[in-house]
file target.txt (compact mmCIF, C-alpha atoms)
# COMPACT_ATOMS: atom_id res chain seq x y z
CA MET G 1 8.75 18.05 -14.05
CA ILE G 2 8.94 15.26 -11.47
CA THR G 3 12.15 15.41 -9.41
CA GLY G 4 11.10 13.66 -6.20
CA LYS G 5 11.00 9.94 -5.43
CA PHE G 6 7.87 7.86 -4.82
CA ILE G 7 8.05 4.80 -2.54
CA THR G 8 5.08 2.56 -1.76
CA PHE G 9 4.62 -0.21 0.80
CA GLU G 10 2.41 -3.19 -0.05
CA GLY G 11 1.47 -6.48 1.56
CA GLY G 12 -1.26 -8.31 3.40
CA GLU G 13 -2.87 -7.58 6.72
CA GLY G 14 -0.50 -7.39 9.69
CA ALA G 15 2.64 -7.16 7.57
CA GLY G 16 3.82 -3.99 9.32
CA LYS G 17 3.46 -1.55 6.42
CA SER G 18 2.44 1.46 8.49
CA THR G 19 5.28 0.97 10.97
CA GLN G 20 7.92 0.46 8.28
CA ALA G 21 6.66 3.42 6.24
CA ARG G 22 7.03 5.63 9.31
CA LEU G 23 10.51 4.30 10.11
CA LEU G 24 11.68 4.82 6.53
CA ALA G 25 10.33 8.37 6.45
CA GLU G 26 12.22 9.15 9.66
CA ARG G 27 15.43 7.75 8.21
CA LEU G 28 15.05 9.68 4.96
CA ARG G 29 14.51 12.89 6.91
CA ALA G 30 17.63 12.16 8.93
CA ALA G 31 19.46 11.88 5.58
CA GLY G 32 18.32 15.42 4.74
CA HIS G 33 15.27 14.82 2.55
CA HIS G 34 11.86 16.43 2.78
CA VAL G 35 9.39 13.55 3.10
CA VAL G 36 5.62 13.39 2.70
CA GLU G 37 4.02 10.44 4.51
CA THR G 38 0.62 9.33 3.28
CA ARG G 39 -1.63 6.30 2.92
CA GLU G 40 -4.34 4.73 0.79
CA PRO G 41 -7.16 5.01 0.82
CA GLY G 42 -6.70 8.41 2.43
CA GLY G 43 -4.07 11.10 2.26
CA THR G 44 -6.60 13.87 1.64
CA LYS G 45 -9.83 14.87 3.38
CA ARG G 46 -11.94 13.28 0.66
CA GLY G 47 -9.70 10.23 0.62
CA GLU G 48 -10.03 9.73 4.38
CA GLU G 49 -13.82 9.96 4.08
CA ILE G 50 -13.78 7.24 1.41
CA ARG G 51 -11.41 5.20 3.60
CA GLU G 52 -13.85 5.23 6.49
CA PHE G 53 -16.70 4.23 4.18
CA LEU G 54 -14.74 1.32 2.66
CA LEU G 55 -13.07 -0.11 5.76
CA SER G 56 -16.26 0.07 7.81
CA GLY G 57 -17.82 -2.39 5.39
CA ALA G 58 -20.46 0.10 4.25
CA ALA G 59 -19.40 -0.39 0.62
CA LYS G 60 -19.45 -4.20 0.77
CA ASP G 61 -22.86 -4.43 -0.91
CA PHE G 62 -21.42 -2.65 -3.95
CA GLY G 63 -19.24 -5.72 -4.54
CA PRO G 64 -15.52 -5.83 -5.44
CA MET G 65 -16.05 -3.81 -8.64
CA GLY G 66 -17.83 -1.01 -6.77
CA GLU G 67 -15.09 -1.03 -4.14
CA ALA G 68 -12.42 -0.87 -6.84
CA VAL G 69 -14.09 2.20 -8.35
CA LEU G 70 -14.22 3.89 -4.93
CA PHE G 71 -10.57 3.09 -4.23
CA CYS G 72 -9.57 4.52 -7.59
CA ALA G 73 -11.69 7.64 -7.10
CA ALA G 74 -9.84 8.23 -3.83
CA ARG G 75 -6.53 7.52 -5.57
CA ASP G 76 -7.23 9.93 -8.41
CA HIS G 77 -7.83 12.72 -5.89
CA HIS G 78 -4.82 11.66 -3.81
CA VAL G 79 -2.45 11.70 -6.79
CA LYS G 80 -3.66 15.04 -8.12
CA GLU G 81 -3.91 16.87 -4.80
CA LEU G 82 -1.00 15.46 -2.79
CA ILE G 83 1.36 12.98 -4.42
CA ARG G 84 2.09 14.62 -7.79
CA PRO G 85 2.55 18.14 -6.34
CA ALA G 86 4.95 16.78 -3.71
CA LEU G 87 7.01 14.92 -6.31
CA THR G 88 7.09 18.03 -8.51
CA ARG G 89 8.50 20.00 -5.55
CA GLY G 90 11.28 17.41 -5.26
CA ASP G 91 9.94 15.76 -2.11
CA TRP G 92 10.15 12.06 -1.33
CA VAL G 93 6.70 10.49 -0.93
CA VAL G 94 6.29 7.39 1.24
CA CYS G 95 2.84 5.82 0.84
CA ASP G 96 1.24 2.99 2.82
CA ARG G 97 -0.50 1.08 -0.03
CA PHE G 98 -1.16 2.19 -3.59
CA SER G 99 -2.53 0.70 -6.81
CA ASP G 100 -1.05 -2.78 -6.26
CA SER G 101 -3.46 -3.20 -3.35
CA THR G 102 -6.44 -2.70 -5.66
CA ALA G 103 -5.00 -5.30 -8.04
CA ALA G 104 -4.65 -7.74 -5.13
CA TYR G 105 -7.72 -7.06 -3.00
CA GLN G 106 -10.37 -6.33 -5.61
CA GLY G 107 -8.63 -8.07 -8.51
CA ALA G 108 -7.00 -11.35 -7.53
CA ALA G 109 -8.95 -11.92 -4.32
CA GLY G 110 -12.17 -10.13 -5.28
CA GLY G 111 -12.52 -11.41 -8.82
CA VAL G 112 -12.55 -8.13 -10.75
CA LYS G 113 -11.10 -8.77 -14.20
CA PRO G 114 -7.46 -7.63 -14.67
CA ALA G 115 -8.39 -5.56 -17.74
CA LEU G 116 -10.85 -3.52 -15.66
CA ILE G 117 -8.28 -3.04 -12.88
CA ARG G 118 -5.72 -1.84 -15.45
CA ALA G 119 -8.25 0.57 -16.97
CA LEU G 120 -9.00 2.09 -13.57
CA GLU G 121 -5.28 2.37 -12.88
CA ARG G 122 -4.66 4.22 -16.15
CA VAL G 123 -7.23 6.80 -15.10
CA SER G 124 -6.20 7.22 -11.46
CA VAL G 125 -2.41 6.73 -11.64
CA ALA G 126 -1.48 7.70 -15.21
CA ASP G 127 2.30 8.24 -15.19
CA THR G 128 2.64 8.66 -11.41
CA VAL G 129 4.11 5.19 -10.94
CA PRO G 130 6.17 4.39 -7.82
CA ASP G 131 9.94 4.44 -8.20
CA LEU G 132 10.13 1.64 -5.66
CA THR G 133 7.54 -0.70 -4.17
CA LEU G 134 8.46 -2.60 -1.03
CA ILE G 135 6.30 -5.69 -0.62
CA LEU G 136 6.30 -6.87 2.99
CA ASP G 137 5.71 -10.60 2.83
CA VAL G 138 4.28 -12.56 5.74
CA PRO G 139 2.21 -15.79 5.81
CA PRO G 140 -1.48 -14.90 6.14
CA GLU G 141 -1.92 -16.77 9.42
CA ALA G 142 0.91 -14.81 11.04
CA GLY G 143 -0.26 -11.50 9.61
CA LEU G 144 -3.85 -11.97 10.74
CA ARG G 145 -2.61 -12.96 14.21
CA ARG G 146 -0.58 -9.74 14.40
CA ALA G 147 -3.58 -7.69 13.23
CA ALA G 148 -5.81 -9.34 15.85
CA GLU G 149 -3.26 -8.61 18.58
CA ARG G 150 -2.97 -4.99 17.44
CA ASN G 151 -6.74 -4.55 17.36
CA GLY G 152 -7.08 -6.21 20.75
CA GLU G 153 -4.74 -3.69 22.33
CA GLY G 154 -7.00 -0.87 21.18
CA ASP G 155 -10.25 -2.83 21.50
CA ILE G 156 -10.85 -2.36 17.76
CA ALA G 157 -13.03 -4.65 15.65
CA PRO G 158 -11.46 -6.18 12.49
CA ASP G 159 -12.00 -3.98 9.44
CA ARG G 160 -13.76 -5.01 6.22
CA PHE G 161 -10.76 -6.92 4.86
CA GLU G 162 -9.20 -8.28 8.05
CA GLY G 163 -12.46 -10.16 8.59
CA MET G 164 -12.26 -12.09 5.32
CA ASP G 165 -11.47 -15.82 5.35
CA LEU G 166 -8.00 -17.35 5.05
CA ARG G 167 -8.47 -18.26 1.37
CA PHE G 168 -8.94 -14.56 0.56
CA HIS G 169 -5.71 -13.64 2.35
CA GLU G 170 -3.79 -16.46 0.69
CA ALA G 171 -4.92 -15.10 -2.69
CA LEU G 172 -3.68 -11.65 -1.65
CA ARG G 173 -0.23 -12.95 -0.78
CA ALA G 174 0.04 -14.89 -4.04
CA CYS G 175 -0.94 -11.79 -6.02
CA PHE G 176 1.58 -9.51 -4.31
CA LEU G 177 4.36 -12.03 -4.96
CA GLN G 178 3.26 -12.32 -8.58
CA ILE G 179 3.34 -8.52 -8.94
CA ALA G 180 6.91 -8.52 -7.60
CA GLU G 181 7.92 -11.24 -10.05
CA GLN G 182 6.39 -9.38 -12.99
CA ALA G 183 7.90 -5.99 -12.08
CA PRO G 184 11.36 -6.71 -10.61
CA GLN G 185 12.65 -3.30 -11.69
CA ARG G 186 10.12 -1.64 -9.36
CA CYS G 187 9.44 -4.17 -6.60
CA VAL G 188 11.49 -5.65 -3.78
CA VAL G 189 10.07 -8.38 -1.53
CA ILE G 190 11.00 -8.04 2.15
CA ASP G 191 10.68 -10.89 4.66
CA ALA G 192 8.31 -9.31 7.19
CA GLN G 193 8.42 -12.26 9.59
CA GLN G 194 11.66 -10.87 11.00
CA ALA G 195 11.92 -8.55 13.99
CA GLU G 196 10.86 -4.96 13.30
CA ALA G 197 14.43 -3.64 13.34
CA ALA G 198 15.62 -6.33 10.91
CA VAL G 199 12.78 -5.53 8.51
CA ALA G 200 13.66 -1.83 8.73
CA GLU G 201 17.28 -2.58 7.81
CA ASP G 202 16.22 -4.65 4.81
CA VAL G 203 13.91 -1.82 3.73
CA TRP G 204 16.71 0.73 4.03
CA GLU G 205 19.13 -1.50 2.13
CA ALA G 206 16.63 -1.78 -0.73
CA VAL G 207 16.08 1.98 -0.82
CA VAL G 208 19.84 2.67 -0.84
CA ASP G 209 20.41 0.08 -3.55
CA ARG G 210 17.60 1.29 -5.84
CA LEU G 211 17.35 5.05 -5.16
CA ASN G 212 20.64 6.10 -3.54
CA PRO G 213 19.15 8.56 -1.00
call {"tool": "encode", "arguments": {"input": "target.txt", "output": "structure tokens"}}
result
Amino acid sequence: MITGKFITFEGGEGAGKSTQARLLAERLRAAGHHVVETREPGGTKRGEEIREFLLSGAAKDFGPMGEAVLFCAARDHHVKELIRPALTRGDWVVCDRFSDSTAAYQGAAGGVKPALIRALERVSVADTVPDLTLILDVPPEAGLRRAAERNGEGDIAPDRFEGMDLRFHEALRACFLQIAEQAPQRCVVIDAQQAEAAVAEDVWEAVVDRLNP
């Protein structure tokens, strides 16, 4: 029986998902909850190996459909080995990206048909659906600028998806906003153009309102 809560962060490049996921996890722990922080692709040893393969661009020749299958293979393992057991224990799980990212990146922006994306999701996610999805919204130009600044600080090259053109990133943003519109009971859109602390407060307000931690 699932007794924990599952929160996911979604959004385009440079939206601040990793930072806000970490800040939320810290705040939930301060409120007395046991929290598992994770990310996609990743979260498990196999998942992290697939992550490196995908984000390096090594899977690009497989095309968006091949990438979608790899993402969902990593997700299937992630859900079975980490997420579902944690939720069964009563933990709160905070995940940086989940199935909505596949719908946006490989679906809306990559051209994989929605029916195929849904079929892959049924296999990899089943009934382990997030209780709350926080979509951090930022214009693509601003998000890509943030990502470039972040990578510059660590002398890191753009990953497979950061290097895509602006049209791709505009399609991502439109898809995430459409997902939020279609699933208002699960999704909350957060203005991620604000200062980090202001975004964190909006995130916390949404969590309190929806899940009463």
call {"tool": "closest_atom_pairs", "arguments": {"input": "target.txt", "of": "segment 60-99 of chain G", "to": "segment 132-135 of chain G", "cutoff": "12 Å", "atoms": "only C-alpha atoms", "output": "tab-separated table"}}
result
residue	atom	partner	partner_atom	distance
G:Trp92	CA	G:Leu132	CA	11.3
G:Val93	CA	G:Leu132	CA	10.6
G:Val94	CA	G:Leu132	CA	9.8
G:Cys95	CA	G:Thr133	CA	9.5
G:Asp96	CA	G:Leu134	CA	9.9
G:Arg97	CA	G:Thr133	CA	9.2
G:Phe98	CA	G:Thr133	CA	9.2
G:Ser99	CA	G:Thr133	CA	10.5
call {"tool": "axis_aligned_box", "arguments": {"input": "target.txt", "around": "segment 105-109 of chain G", "padding_each_side": "8 Å", "output": "JSON"}}
result
{"center_x": -8.7, "center_y": -9.1, "center_z": -5.8, "size_x": 19.4, "size_y": 21.6, "size_z": 21.5}
call {"tool": "closest_residue", "arguments": {"input": "target.txt", "among": "G:Asp165, G:Asp91, G:Asp100, G:Glu52", "to": "Cys72 of chain G", "atoms": "all atoms listed in the file"}}
result
G:Asp100
call {"tool": "closest_residue", "arguments": {"input": "target.txt", "among": "G:Gly90, G:Gly57, G:Ile50, G:Val129", "to": "Val36 of chain G", "atoms": "all atoms listed in the file"}}
result
G:Gly90
call {"tool": "closest_residue", "arguments": {"input": "target.txt", "among": "G:Ala15, G:Met65, G:Val203, G:Ala73", "to": "Arg122 of chain G", "atoms": "only C-alpha atoms"}}
result
G:Ala73
call {"tool": "atom_distance", "arguments": {"input": "target.txt", "atom1": "atom CA of Phe168 of chain G", "atom2": "atom CA of Gly12 of chain G"}}
result
10.3 Å
call {"tool": "atom_distance", "arguments": {"input": "target.txt", "atom1": "atom CA of Gly32 of chain G", "atom2": "atom CA of Val208 of chain G"}}
result
14.0 Å
call {"tool": "residues_around", "arguments": {"input": "target.txt", "residues": "Ala108 of chain G", "least_positions_apart": "6", "cutoff": "12 Å", "atoms": "only C-alpha atoms", "output": "list in words"}}
result
Pro64, Met65, Ala68, Asp100, Ser101, Thr102, Pro114, Ala115, Leu116, Ile117, Arg167, Phe168, His169, Glu170, Ala171, Leu172, Arg173, Ala174, Cys175, Phe176, Leu177, Gln178 and Ile179 of chain G
call {"tool": "atom_distance", "arguments": {"input": "target.txt", "atom1": "atom CA of Gly42 of chain G", "atom2": "atom CA of Ile7 of chain G"}}
result
16.0 Å
call {"tool": "residues_around", "arguments": {"input": "target.txt", "residues": "Thr88 of chain G", "least_positions_apart": "3", "cutoff": "9 Å", "atoms": "all atoms listed in the file", "output": "count of residues only"}}
result
8
call {"tool": "closest_residue", "arguments": {"input": "target.txt", "among": "G:Ala206, G:Gly11, G:Ala197, G:Gly63", "to": "Gly111 of chain G", "atoms": "all atoms listed in the file"}}
result
G:Gly63
call {"tool": "residues_around", "arguments": {"input": "target.txt", "residues": "Ala126 of chain G", "least_positions_apart": "5", "cutoff": "12 Å", "atoms": "all atoms listed in the file", "output": "VMD selection string"}}
result
chain G and resid 72 75 to 76 79 to 80 84 99 118 to 121
call {"tool": "residues_near_point", "arguments": {"input": "target.txt", "point": "(7.5, 4.8, -11.5)", "cutoff": "9 Å", "atoms": "only C-alpha atoms", "output": "ChimeraX atom specification"}}
result
/G:5-7,127-132,186
call {"tool": "closest_residue", "arguments": {"input": "target.txt", "among": "G:Ala180, G:Ala198, G:Ala74, G:Val35", "to": "Phe53 of chain G", "atoms": "only C-alpha atoms"}}
result
G:Ala74
call {"tool": "closest_residue", "arguments": {"input": "target.txt", "among": "G:Glu26, G:Glu141, G:Glu48, G:Glu205", "to": "Gln193 of chain G", "atoms": "all atoms listed in the file"}}
result
G:Glu141
call {"tool": "build_atoms", "arguments": {"input": "target.txt", "residues": "segment 54-69 of chain G", "atoms": "N, CA and C atoms", "output": "PDB file, in the coordinates of the input"}}
result
ATOM      1  N   LEU G  54     -15.160   2.642   3.152  1.00  0.00           N
ATOM      2  CA  LEU G  54     -14.740   1.320   2.660  1.00  0.00           C
ATOM      3  C   LEU G  54     -14.397   0.366   3.795  1.00  0.00           C
ATOM      4  N   LEU G  55     -13.561   0.805   4.732  1.00  0.00           N
ATOM      5  CA  LEU G  55     -13.070  -0.110   5.760  1.00  0.00           C
ATOM      6  C   LEU G  55     -14.129  -0.447   6.806  1.00  0.00           C
ATOM      7  N   SER G  56     -15.165   0.377   6.890  1.00  0.00           N
ATOM      8  CA  SER G  56     -16.260   0.070   7.810  1.00  0.00           C
ATOM      9  C   SER G  56     -17.127  -1.064   7.297  1.00  0.00           C
ATOM     10  N   GLY G  57     -16.993  -1.369   6.012  1.00  0.00           N
ATOM     11  CA  GLY G  57     -17.820  -2.390   5.390  1.00  0.00           C
ATOM     12  C   GLY G  57     -19.077  -1.835   4.747  1.00  0.00           C
ATOM     13  N   ALA G  58     -19.257  -0.516   4.815  1.00  0.00           N
ATOM     14  CA  ALA G  58     -20.460   0.100   4.250  1.00  0.00           C
ATOM     15  C   ALA G  58     -20.555  -0.073   2.740  1.00  0.00           C
ATOM     16  N   ALA G  59     -19.401  -0.247   2.088  1.00  0.00           N
ATOM     17  CA  ALA G  59     -19.400  -0.390   0.620  1.00  0.00           C
ATOM     18  C   ALA G  59     -19.452  -1.847   0.177  1.00  0.00           C
ATOM     19  N   LYS G  60     -19.526  -2.776   1.117  1.00  0.00           N
ATOM     20  CA  LYS G  60     -19.450  -4.200   0.770  1.00  0.00           C
ATOM     21  C   LYS G  60     -20.554  -4.611  -0.208  1.00  0.00           C
ATOM     22  N   ASP G  61     -21.748  -4.057  -0.037  1.00  0.00           N
ATOM     23  CA  ASP G  61     -22.860  -4.430  -0.910  1.00  0.00           C
ATOM     24  C   ASP G  61     -22.647  -3.998  -2.354  1.00  0.00           C
ATOM     25  N   PHE G  62     -21.724  -3.067  -2.580  1.00  0.00           N
ATOM     26  CA  PHE G  62     -21.420  -2.650  -3.950  1.00  0.00           C
ATOM     27  C   PHE G  62     -20.623  -3.726  -4.686  1.00  0.00           C
ATOM     28  N   GLY G  63     -20.049  -4.677  -3.931  1.00  0.00           N
ATOM     29  CA  GLY G  63     -19.240  -5.720  -4.540  1.00  0.00           C
ATOM     30  C   GLY G  63     -17.823  -5.247  -4.834  1.00  0.00           C
ATOM     31  N   PRO G  64     -16.924  -6.173  -5.175  1.00  0.00           N
ATOM     32  CA  PRO G  64     -15.520  -5.830  -5.440  1.00  0.00           C
ATOM     33  C   PRO G  64     -15.342  -4.775  -6.527  1.00  0.00           C
ATOM     34  N   MET G  65     -16.188  -4.801  -7.579  1.00  0.00           N
ATOM     35  CA  MET G  65     -16.050  -3.810  -8.640  1.00  0.00           C
ATOM     36  C   MET G  65     -16.386  -2.420  -8.113  1.00  0.00           C
ATOM     37  N   GLY G  66     -17.466  -2.303  -7.345  1.00  0.00           N
ATOM     38  CA  GLY G  66     -17.830  -1.010  -6.770  1.00  0.00           C
ATOM     39  C   GLY G  66     -16.749  -0.509  -5.824  1.00  0.00           C
ATOM     40  N   GLU G  67     -16.175  -1.426  -5.036  1.00  0.00           N
ATOM     41  CA  GLU G  67     -15.090  -1.030  -4.140  1.00  0.00           C
ATOM     42  C   GLU G  67     -13.878  -0.561  -4.928  1.00  0.00           C
ATOM     43  N   ALA G  68     -13.562  -1.265  -6.014  1.00  0.00           N
ATOM     44  CA  ALA G  68     -12.420  -0.870  -6.840  1.00  0.00           C
ATOM     45  C   ALA G  68     -12.600   0.540  -7.395  1.00  0.00           C
ATOM     46  N   VAL G  69     -13.810   0.861  -7.827  1.00  0.00           N
ATOM     47  CA  VAL G  69     -14.090   2.200  -8.350  1.00  0.00           C
ATOM     48  C   VAL G  69     -13.900   3.250  -7.255  1.00  0.00           C
TER      49      VAL G  69
END
